[in-house]
>>> print(open('input-v1.cif').read())   # mmCIF, C-alpha atoms
data_input
loop_
_atom_site.group_PDB
_atom_site.id
_atom_site.type_symbol
_atom_site.label_atom_id
_atom_site.label_comp_id
_atom_site.auth_asym_id
_atom_site.auth_seq_id
_atom_site.Cartn_x
_atom_site.Cartn_y
_atom_site.Cartn_z
ATOM 1 C CA ALA A 1 -17.592 41.471 -2.495
ATOM 2 C CA HIS A 2 -17.372 40.597 1.183
ATOM 3 C CA ALA A 3 -18.571 43.076 3.840
ATOM 4 C CA ASP A 4 -14.983 44.024 4.720
ATOM 5 C CA GLY A 5 -14.203 45.074 1.146
ATOM 6 C CA THR A 6 -12.399 41.878 0.152
ATOM 7 C CA HIS A 7 -13.266 40.329 -3.173
ATOM 8 C CA VAL A 8 -13.684 36.808 -1.770
ATOM 9 C CA LYS A 9 -13.546 35.017 -5.130
ATOM 10 C CA ASP A 10 -9.969 36.180 -5.685
ATOM 11 C CA LEU A 11 -8.496 33.719 -3.176
ATOM 12 C CA SER A 12 -9.379 30.124 -2.414
ATOM 13 C CA PHE A 13 -8.491 30.638 1.260
ATOM 14 C CA ASP A 14 -8.878 33.248 4.003
ATOM 15 C CA PHE A 15 -5.661 35.252 3.720
ATOM 16 C CA VAL A 16 -5.741 36.723 7.239
ATOM 17 C CA ASP A 17 -6.406 33.313 8.825
ATOM 18 C CA ARG A 18 -3.548 31.729 6.885
ATOM 19 C CA ALA A 19 -1.158 34.589 7.624
ATOM 20 C CA LEU A 20 -1.882 34.455 11.346
ATOM 21 C CA ALA A 21 -1.644 30.640 11.436
ATOM 22 C CA GLU A 22 1.466 30.171 9.308
ATOM 23 C CA CYS A 23 3.580 33.334 9.450
ATOM 24 C CA ALA A 24 5.850 34.172 12.373
ATOM 25 C CA THR A 25 7.061 37.537 11.047
ATOM 26 C CA VAL A 26 5.798 40.445 8.979
ATOM 27 C CA GLY A 27 8.349 39.491 6.323
ATOM 28 C CA GLU A 28 6.654 36.103 5.956
ATOM 29 C CA VAL A 29 3.225 37.790 5.709
ATOM 30 C CA GLU A 30 4.543 40.089 2.984
ATOM 31 C CA THR A 31 5.977 37.128 1.057
ATOM 32 C CA LEU A 32 2.621 35.326 1.296
ATOM 33 C CA ALA A 33 0.773 38.461 0.143
ATOM 34 C CA ARG A 34 3.055 38.951 -2.849
ATOM 35 C CA GLN A 35 2.414 35.332 -3.924
ATOM 36 C CA HIS A 36 -1.318 35.977 -4.304
ATOM 37 C CA ARG A 37 -3.570 38.486 -5.999
ATOM 38 C CA ILE A 38 -5.328 40.260 -3.142
ATOM 39 C CA ARG A 39 -7.975 42.813 -3.997
ATOM 40 C CA LEU A 40 -9.234 44.926 -1.123
ATOM 41 C CA TYR A 41 -11.793 47.444 -2.283
ATOM 42 C CA SER A 42 -12.214 49.344 0.966
ATOM 43 C CA ALA A 43 -10.474 47.281 3.650
ATOM 44 C CA GLN A 44 -6.844 47.422 4.750
ATOM 45 C CA TRP A 45 -4.980 44.820 6.748
ATOM 46 C CA MET A 46 -2.234 45.831 9.158
ATOM 47 C CA PHE A 47 0.258 43.285 10.456
ATOM 48 C CA GLY A 48 2.946 43.789 13.070
ATOM 49 C CA ASP A 49 5.353 41.509 14.859
ATOM 50 C CA ARG A 50 7.346 41.435 18.082
ATOM 51 C CA ASN A 51 10.439 42.576 16.195
ATOM 52 C CA GLY A 52 8.820 45.966 15.530
ATOM 53 C CA ASP A 53 8.251 45.296 11.820
ATOM 54 C CA SER A 54 4.892 46.260 10.300
ATOM 55 C CA ILE A 55 3.043 46.492 7.003
ATOM 56 C CA ILE A 56 -0.320 47.669 5.742
ATOM 57 C CA ILE A 57 -1.743 45.544 2.946
ATOM 58 C CA GLU A 58 -4.036 47.708 0.833
ATOM 59 C CA GLY A 59 -4.559 45.028 -1.802
ATOM 60 C CA LYS A 60 -1.990 45.147 -4.570
ATOM 61 C CA SER A 61 -0.058 47.833 -2.682
ATOM 62 C CA ILE A 62 1.843 47.066 0.509
ATOM 63 C CA VAL A 63 3.024 49.931 2.707
ATOM 64 C CA ARG A 64 5.980 49.058 4.928
ATOM 65 C CA GLY A 65 6.541 50.612 8.316
ATOM 66 C CA GLY A 66 9.776 52.510 8.484
ATOM 67 C CA GLY A 67 10.273 53.771 11.986
ATOM 68 C CA ARG A 68 9.223 53.375 15.584
ATOM 69 C CA PHE A 69 5.538 53.085 14.630
ATOM 70 C CA GLN A 70 3.118 52.835 11.733
ATOM 71 C CA VAL A 71 -0.377 54.339 11.659
ATOM 72 C CA CYS A 72 -3.339 53.248 9.565
ATOM 73 C CA THR A 73 -6.650 55.125 9.312
ATOM 74 C CA ASN A 74 -9.371 55.375 6.669
ATOM 75 C CA PHE A 75 -7.334 56.262 3.609
ATOM 76 C CA ARG A 76 -4.785 54.491 1.420
ATOM 77 C CA GLN A 77 -1.282 55.724 2.030
ATOM 78 C CA SER A 78 -0.103 54.301 -1.292
ATOM 79 C CA GLU A 79 -2.353 56.829 -3.077
ATOM 80 C CA LEU A 80 -0.865 59.951 -1.472
ATOM 81 C CA ALA A 81 1.648 60.482 -4.313
ATOM 82 C CA GLY A 82 4.000 62.417 -2.037
ATOM 83 C CA ARG A 83 1.261 64.603 -0.519
ATOM 84 C CA PRO A 84 1.055 64.742 3.283
ATOM 85 C CA PRO A 85 -1.931 62.940 4.835
ATOM 86 C CA ILE A 86 -4.804 65.292 5.661
ATOM 87 C CA CYS A 87 -6.803 62.821 7.779
ATOM 88 C CA PRO A 88 -7.074 64.475 11.225
ATOM 89 C CA ARG A 89 -7.255 61.107 13.000
ATOM 90 C CA TYR A 90 -4.031 59.986 11.318
ATOM 91 C CA ARG A 91 -2.275 63.261 12.099
ATOM 92 C CA THR A 92 -3.398 63.119 15.752
ATOM 93 C CA ALA A 93 -2.091 59.568 16.163
ATOM 94 C CA VAL A 94 1.247 60.347 14.483
ATOM 95 C CA ASP A 95 1.704 63.504 16.565
ATOM 96 C CA LEU A 96 0.996 61.721 19.854
ATOM 97 C CA LEU A 97 3.115 58.677 18.976
ATOM 98 C CA SER A 98 6.003 60.952 17.960
ATOM 99 C CA ARG A 99 5.966 62.467 21.448
ATOM 100 C CA THR A 100 5.740 59.082 23.211
ATOM 101 C CA GLU A 101 9.176 57.795 24.176
ATOM 102 C CA THR A 102 8.211 54.262 25.155
ATOM 103 C CA PRO A 103 4.690 53.223 24.210
ATOM 104 C CA THR A 104 2.664 51.493 26.911
ATOM 105 C CA VAL A 105 -0.807 50.004 26.793
ATOM 106 C CA ALA A 106 -2.081 53.071 28.689
ATOM 107 C CA SER A 107 -0.421 55.586 26.339
ATOM 108 C CA CYS A 108 -1.671 53.703 23.272
ATOM 109 C CA ARG A 109 -5.187 53.626 24.730
ATOM 110 C CA GLU A 110 -5.055 57.417 25.136
ATOM 111 C CA ILE A 111 -3.864 57.812 21.550
ATOM 112 C CA LEU A 112 -6.744 55.624 20.359
ATOM 113 C CA ARG A 113 -9.143 57.718 22.437
ATOM 114 C CA ALA A 114 -7.829 60.921 20.837
ATOM 115 C CA ALA A 115 -7.940 59.493 17.313
ATOM 116 C CA SER A 116 -11.230 57.582 17.428
ATOM 117 C CA GLY A 117 -14.293 58.941 15.695
ATOM 118 C CA SER A 118 -17.940 58.874 16.690
ATOM 119 C CA ASN A 119 -18.506 55.790 14.523
ATOM 120 C CA THR A 120 -15.465 53.854 15.738
ATOM 121 C CA GLN A 121 -16.844 50.391 16.375
ATOM 122 C CA TYR A 122 -13.962 48.871 18.293
ATOM 123 C CA SER A 123 -10.356 49.628 19.140
ATOM 124 C CA TYR A 124 -7.618 47.495 20.559
ATOM 125 C CA VAL A 125 -4.045 47.616 21.716
ATOM 126 C CA LEU A 126 -1.967 44.550 20.959
ATOM 127 C CA ASP A 127 0.776 43.999 23.482
ATOM 128 C CA LEU A 128 2.812 41.592 21.361
ATOM 129 C CA ASN A 129 5.441 40.949 24.026
ATOM 130 C CA ALA A 130 2.898 40.112 26.738
ATOM 131 C CA ARG A 131 0.691 38.391 24.106
ATOM 132 C CA ARG A 132 -2.432 40.235 25.220
ATOM 133 C CA ILE A 133 -5.171 42.122 23.403
ATOM 134 C CA HIS A 134 -6.708 45.110 25.218
ATOM 135 C CA TYR A 135 -10.106 45.561 23.570
ATOM 136 C CA TYR A 136 -12.506 48.547 23.714
ATOM 137 C CA HIS A 137 -16.002 48.789 22.246
ATOM 138 C CA PHE A 138 -17.667 51.727 20.490
ATOM 139 C CA HIS A 139 -15.145 54.405 21.549
ATOM 140 C CA ASP A 140 -15.686 53.705 25.267
ATOM 141 C CA PHE A 141 -12.160 53.537 26.668
ATOM 142 C CA SER A 142 -13.301 53.365 30.280
ATOM 143 C CA ARG A 143 -14.169 49.661 29.853
ATOM 144 C CA GLU A 144 -11.571 47.182 28.695
ATOM 145 C CA ILE A 145 -11.561 43.465 28.105
ATOM 146 C CA VAL A 146 -8.168 41.799 28.036
ATOM 147 C CA PHE A 147 -7.703 38.636 26.035
ATOM 148 C CA ASP A 148 -4.703 36.464 26.831
ATOM 149 C CA LEU A 149 -3.493 35.073 23.525
ATOM 150 C CA GLU A 150 -1.915 31.954 25.080
ATOM 151 C CA ALA A 151 -5.152 31.064 26.874
ATOM 152 C CA GLU A 152 -7.279 31.687 23.773
ATOM 153 C CA LEU A 153 -4.996 29.620 21.532
ATOM 154 C CA ALA A 154 -5.079 26.774 24.052
ATOM 155 C CA LYS A 155 -8.863 26.580 23.558
ATOM 156 C CA GLY A 156 -8.405 25.599 19.911
ATOM 157 C CA ASN A 157 -10.429 26.918 17.008
ATOM 158 C CA HIS A 158 -13.143 29.229 18.369
ATOM 159 C CA SER A 159 -14.485 32.740 18.103
ATOM 160 C CA ILE A 160 -15.651 35.302 20.640
ATOM 161 C CA GLU A 161 -18.678 37.535 20.199
ATOM 162 C CA THR A 162 -17.376 40.696 21.847
ATOM 163 C CA VAL A 163 -20.406 43.012 21.746
ATOM 164 C CA PRO A 164 -22.356 41.114 24.472
ATOM 165 C CA LEU A 165 -19.322 41.414 26.764
ATOM 166 C CA PHE A 166 -19.950 45.154 27.082
ATOM 167 C CA PRO A 167 -22.970 47.039 28.453
ATOM 168 C CA PRO A 168 -25.531 47.906 25.743
ATOM 169 C CA LYS A 169 -24.966 51.318 24.199
ATOM 170 C CA LEU A 170 -27.876 53.346 22.909
ATOM 171 C CA GLU A 171 -25.612 55.065 20.347
ATOM 172 C CA ALA A 172 -24.544 51.722 18.875
ATOM 173 C CA ARG A 173 -28.149 50.494 18.604
ATOM 174 C CA MET A 174 -29.238 53.749 16.986
ATOM 175 C CA LEU A 175 -26.396 53.613 14.493
ATOM 176 C CA ALA A 176 -27.284 50.040 13.555
ATOM 177 C CA SER A 177 -31.020 50.753 13.323
ATOM 178 C CA GLN A 178 -30.464 53.652 10.918
ATOM 179 C CA GLY A 179 -29.281 51.166 8.325
ATOM 180 C CA ALA A 180 -25.956 52.980 8.236
ATOM 181 C CA PHE A 181 -22.973 51.644 6.358
ATOM 182 C CA TYR A 182 -21.333 51.022 9.722
ATOM 183 C CA PHE A 183 -22.257 48.066 11.834
ATOM 184 C CA ALA A 184 -22.310 48.146 15.592
ATOM 185 C CA SER A 185 -20.978 44.658 16.112
#
>>> encode(input="input-v1.cif", output="structure tokens")
Amino acid sequence: AHADGTHVKDLSFDFVDRALAECATVGEVETLARQHRIRLYSAQWMFGDRNGDSIIIEGKSIVRGGGRFQVCTNFRQSELAGRPPICPRYRTAVDLLSRTETPTVASCREILRAASGSNTQYSYVLDLNARRIHYYHFHDFSREIVFDLEAELAKGNHSIETVPLFPPKLEARMLASQGAFYFAS
């Protein structure tokens, strides 16, 4: 199993990479997912598009968004069997989003702040219309790095190590040094 909970031998390709490279809509991502056997043991993948459509791929189960927003935290919504979610982070995010008429980057950042936990490694707000990623490290929402998707795509195939872009955090180093199941990068 891969560190993100994906059983890597199940697919001969990286599903997320292919979906992001080849699919223009959430509907196309869902079609691609249903064509392949995806087993996610602990991970979940959330996809959204500029049309407001969204899904959470939990492996075999796919949870479709059905309203103005969709929230994903550390539990599988497909396993609720009609019970309401008890995750406080989920409930906080849903409550705040329900009271937000028109989401903005600032309002979404505040919702992430309210819903993040002490072990939250990174958070981001995707502004799909502006094609920007507003990225925050280790639940510090006072520092933001903004990635312009057009500029990053123009650079071709590359990756960005985000942790060195932020000031070192003692909490993150301590968490990593404890050999915890969470990683600080």
>>> residues_around(input="input-v1.cif", residues="range 137-152 of chain A", least_positions_apart="3", cutoff="10 Å", atoms="all atoms listed in the file", output="VMD selection string")
chain A and resid 109 to 110 112 to 128 130 to 134 155 to 160 162 to 163 165 to 167 169 171 to 172 184 to 185
>>> atom_distance(input="input-v1.cif", atom1="CA of Leu80 in chain A", atom2="CA of Glu58 in chain A")
12.9 Å
>>> closest_residue(input="input-v1.cif", among="A:Cys72, A:Arg37, A:Thr31, A:Tyr135", to="Phe13 in chain A", atoms="all atoms listed in the file")
A:Arg37
>>> atom_distance(input="input-v1.cif", atom1="CA of Arg99 in chain A", atom2="CA of Arg76 in chain A")
24.1 Å
>>> resolve_selection(input="input-v1.cif", expression="the PyMOL selection byres ((chain A and resi 87) around 12)", output="PDB file with C-alpha atoms, keeping the file's coordinate frame")
ATOM      1  CA  VAL A  71      -0.377  54.339  11.659  1.00  0.00           C
ATOM      2  CA  CYS A  72      -3.339  53.248   9.565  1.00  0.00           C
ATOM      3  CA  THR A  73      -6.650  55.125   9.312  1.00  0.00           C
ATOM      4  CA  ASN A  74      -9.371  55.375   6.669  1.00  0.00           C
ATOM      5  CA  PHE A  75      -7.334  56.262   3.609  1.00  0.00           C
ATOM      6  CA  ARG A  76      -4.785  54.491   1.420  1.00  0.00           C
ATOM      7  CA  GLN A  77      -1.282  55.724   2.030  1.00  0.00           C
ATOM      8  CA  LEU A  80      -0.865  59.951  -1.472  1.00  0.00           C
ATOM      9  CA  ARG A  83       1.261  64.603  -0.519  1.00  0.00           C
ATOM     10  CA  PRO A  84       1.055  64.742   3.283  1.00  0.00           C
ATOM     11  CA  PRO A  85      -1.931  62.940   4.835  1.00  0.00           C
ATOM     12  CA  ILE A  86      -4.804  65.292   5.661  1.00  0.00           C
ATOM     13  CA  PRO A  88      -7.074  64.475  11.225  1.00  0.00           C
ATOM     14  CA  ARG A  89      -7.255  61.107  13.000  1.00  0.00           C
ATOM     15  CA  TYR A  90      -4.031  59.986  11.318  1.00  0.00           C
ATOM     16  CA  ARG A  91      -2.275  63.261  12.099  1.00  0.00           C
ATOM     17  CA  THR A  92      -3.398  63.119  15.752  1.00  0.00           C
ATOM     18  CA  ALA A  93      -2.091  59.568  16.163  1.00  0.00           C
ATOM     19  CA  VAL A  94       1.247  60.347  14.483  1.00  0.00           C
ATOM     20  CA  ALA A 115      -7.940  59.493  17.313  1.00  0.00           C
ATOM     21  CA  SER A 116     -11.230  57.582  17.428  1.00  0.00           C
ATOM     22  CA  GLY A 117     -14.293  58.941  15.695  1.00  0.00           C
TER      23      GLY A 117
END
>>> resolve_selection(input="input-v1.cif", expression="the PyMOL selection byres ((chain A and resi 54) around 8)", output="number ranges by chain")
A: 26, 46-49, 52-53, 55-56, 64-65, 70
>>> write_last_selection(input="input-v1.cif", atoms="C-alpha atoms", output="mmCIF file, in the coordinates of the input")
data_model
loop_
_atom_site.group_PDB
_atom_site.id
_atom_site.type_symbol
_atom_site.label_atom_id
_atom_site.label_comp_id
_atom_site.auth_asym_id
_atom_site.auth_seq_id
_atom_site.Cartn_x
_atom_site.Cartn_y
_atom_site.Cartn_z
ATOM 1 C CA VAL A 26 5.798 40.445 8.979
ATOM 2 C CA MET A 46 -2.234 45.831 9.158
ATOM 3 C CA PHE A 47 0.258 43.285 10.456
ATOM 4 C CA GLY A 48 2.946 43.789 13.070
ATOM 5 C CA ASP A 49 5.353 41.509 14.859
ATOM 6 C CA GLY A 52 8.820 45.966 15.530
ATOM 7 C CA ASP A 53 8.251 45.296 11.820
ATOM 8 C CA ILE A 55 3.043 46.492 7.003
ATOM 9 C CA ILE A 56 -0.320 47.669 5.742
ATOM 10 C CA ARG A 64 5.980 49.058 4.928
ATOM 11 C CA GLY A 65 6.541 50.612 8.316
ATOM 12 C CA GLN A 70 3.118 52.835 11.733
#
>>> atom_distance(input="input-v1.cif", atom1="CA of Ala106 in chain A", atom2="CA of Asn129 in chain A")
15.0 Å
>>> residues_around(input="input-v1.cif", residues="Pro103 in chain A", least_positions_apart="5", cutoff="10 Å", atoms="only C-alpha atoms", output="list in words")
Arg68, Phe69, Leu97, Cys108 and Arg109 of chain A
